[in-house]
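Scroll down for the structure; my scribbles are underneath it.
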Amino acid sequence: IPAPVAVAETFAEVLRDGTLWTHTRATLQATLAGLGIGVAVGGVLGYLIARIPLLEDLLSPVIVAFQATPVVAYAPLLVVWFGSGIESKVITCALIVFFPMLMNTVVGIRHVPGDLRDLMRVSGASRWQTLTKLELPAAMPVLLTGLKTSATLAVIGVVVGEFILAREGLGLLMNTARARFDTPLVFVAVITLALIASTLYFAVTLLERRLLAWQRRTTI
């Protein structure tokens, strides 16, 4: 374990020469892109599965089997198929983010009270109005919980891709530092990854407070 002073000195050095920013930017770009894709696909497919039972019967075995396979098992294939650029990292990240967002969406939509659905139907609401005025607001706490989980897992997905093969990124920086037995630099990369994950998590927390402010007012 390196001394804190050695880690701080290494931190200052890689900040000064731009190395840390270059790798952090690459990891952050892939993380945000993968998170966005995974959340969007997981949310849409989760909604369809929640509303169409037949779709769940058809897709659940495939989704569960794919999720049960460790990401490190198929990450090398993604690198072979999509190259060592940002594409393979984004796809790896999206695959990790996809499942928790999918399951939270299914649970959230299915727990919308049936009597409220009946009320919307009797009122002549369209499917879009039911979605935006009832289903999304009612399922929002569960959806945001899934988004919190996805935000932290997104960083893991990108780093797994960078561990396999990458041109830049904090995972590559960590691998390089480990090969050179540069333990302080490894700690710098780990701390930076933790900061990225924490920032994404607290950003979702702020979004949650804003979107669910009506619930707190109702409770009061």
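Ligands are numbered from 1 in the order shown, residues from 1 within each chain, and chains are lettered A, B, ... in the order they appear in the structure tokens.
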Closest contacts (range 170-218 of chain A/range 139-154 of chain A, max 8 Å, only C-alpha atoms) as JSON lines:
{"residue": "A:Ala197", "atom": "CA", "partner": "A:Thr152", "partner_atom": "CA", "distance": 5.2}
{"residue": "A:Ser198", "atom": "CA", "partner": "A:Thr152", "partner_atom": "CA", "distance": 7.5}
{"residue": "A:Leu200", "atom": "CA", "partner": "A:Ala151", "partner_atom": "CA", "distance": 5.8}
{"residue": "A:Tyr201", "atom": "CA", "partner": "A:Lys148", "partner_atom": "CA", "distance": 5.7}
{"residue": "A:Val204", "atom": "CA", "partner": "A:Lys148", "partner_atom": "CA", "distance": 6.1}
{"residue": "A:Thr205", "atom": "CA", "partner": "A:Lys148", "partner_atom": "CA", "distance": 7.5}
{"residue": "A:Glu208", "atom": "CA", "partner": "A:Leu144", "partner_atom": "CA", "distance": 6.5}
{"residue": "A:Leu212", "atom": "CA", "partner": "A:Pro141", "partner_atom": "CA", "distance": 7.5}
Keeping only N, CA, C and O atoms, write those residues as a PDB file, in the first residue's frame.
ATOM      1  N   ALA A 197     -18.104   7.350 -10.429  1.00  0.00           N
ATOM      2  CA  ALA A 197     -19.294   6.596 -10.026  1.00  0.00           C
ATOM      3  C   ALA A 197     -20.102   7.368  -8.987  1.00  0.00           C
ATOM      4  O   ALA A 197     -21.342   7.421  -9.054  1.00  0.00           O
ATOM      5  N   SER A 198     -19.418   7.982  -8.028  1.00  0.00           N
ATOM      6  CA  SER A 198     -20.112   8.747  -6.987  1.00  0.00           C
ATOM      7  C   SER A 198     -20.820   9.957  -7.577  1.00  0.00           C
ATOM      8  O   SER A 198     -21.952  10.281  -7.198  1.00  0.00           O
ATOM      9  N   LEU A 200     -21.995  10.301 -10.663  1.00  0.00           N
ATOM     10  CA  LEU A 200     -23.179   9.839 -11.388  1.00  0.00           C
ATOM     11  C   LEU A 200     -24.302   9.468 -10.417  1.00  0.00           C
ATOM     12  O   LEU A 200     -25.473   9.788 -10.645  1.00  0.00           O
ATOM     13  N   TYR A 201     -23.942   8.802  -9.329  1.00  0.00           N
ATOM     14  CA  TYR A 201     -24.938   8.392  -8.341  1.00  0.00           C
ATOM     15  C   TYR A 201     -25.626   9.603  -7.715  1.00  0.00           C
ATOM     16  O   TYR A 201     -26.858   9.651  -7.616  1.00  0.00           O
ATOM     17  N   VAL A 204     -28.038  11.356 -10.058  1.00  0.00           N
ATOM     18  CA  VAL A 204     -29.351  10.693 -10.090  1.00  0.00           C
ATOM     19  C   VAL A 204     -30.130  10.995  -8.815  1.00  0.00           C
ATOM     20  O   VAL A 204     -31.351  11.164  -8.841  1.00  0.00           O
ATOM     21  N   THR A 205     -29.436  11.081  -7.684  1.00  0.00           N
ATOM     22  CA  THR A 205     -30.098  11.417  -6.424  1.00  0.00           C
ATOM     23  C   THR A 205     -30.730  12.805  -6.484  1.00  0.00           C
ATOM     24  O   THR A 205     -31.871  13.013  -6.034  1.00  0.00           O
ATOM     25  N   GLU A 208     -33.730  12.575  -8.591  1.00  0.00           N
ATOM     26  CA  GLU A 208     -34.797  11.929  -7.827  1.00  0.00           C
ATOM     27  C   GLU A 208     -35.503  12.936  -6.920  1.00  0.00           C
ATOM     28  O   GLU A 208     -36.740  12.954  -6.835  1.00  0.00           O
ATOM     29  N   LEU A 212     -39.406  13.690  -7.583  1.00  0.00           N
ATOM     30  CA  LEU A 212     -40.308  13.148  -6.571  1.00  0.00           C
ATOM     31  C   LEU A 212     -40.653  14.160  -5.491  1.00  0.00           C
ATOM     32  O   LEU A 212     -41.131  13.789  -4.416  1.00  0.00           O
TER      33      LEU A 212
END
Residue neighbourhood Thr19 in chain A, 12 Å, only C-alpha atoms, exclusion window fewer than 4 positions, as a list in words: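 Here the qualifying residues turn out to be Thr10, Phe11, Ala12, Glu13, Val14, Leu15, His23, Thr24, Arg25, Ala26, Glu168, Gly169, Leu170, Leu172, Leu173, Leu185, Val188 and Ala189 of chain A.
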Residue nearest Val160 in chain A - candidates A:Ser88, A:Gln129, A:Thr183, A:Gln29, atoms counted: only C-alpha atoms: A:Ser88
Using only C-alpha atoms: which of A:Val80, A:Ile63, A:Ile164, A:Ile49 has the shortest distance to Ile109 in chain A: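 Nearest to Ile109 in chain A: A:Ile49.
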Two-atom distance - CA of Gly43 in chain A, CA of Val106 in chain A (Å):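 Spanning CA of Gly43 in chain A to CA of Val106 in chain A is a straight-line distance of 8.4 Å.
Of the listed residues (A:Val64, A:Val41, A:Leu119, A:Arg167), A:Arg167 comes nearest to Thr22 in chain A; the distances count only C-alpha atoms.
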Option closest in space to Pro113 in chain A, from A:Tyr74, A:Pro137, A:Arg127, A:Met101 [counting only C-alpha atoms]: A:Pro137
Given only C-alpha atoms as the counted atoms, nearest of A:Thr130, A:Thr92, A:Gln67, A:Ser60 to Glu162 in chain A: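 Residue with the minimum atom-to-atom distance to Glu162 in chain A: A:Thr92.
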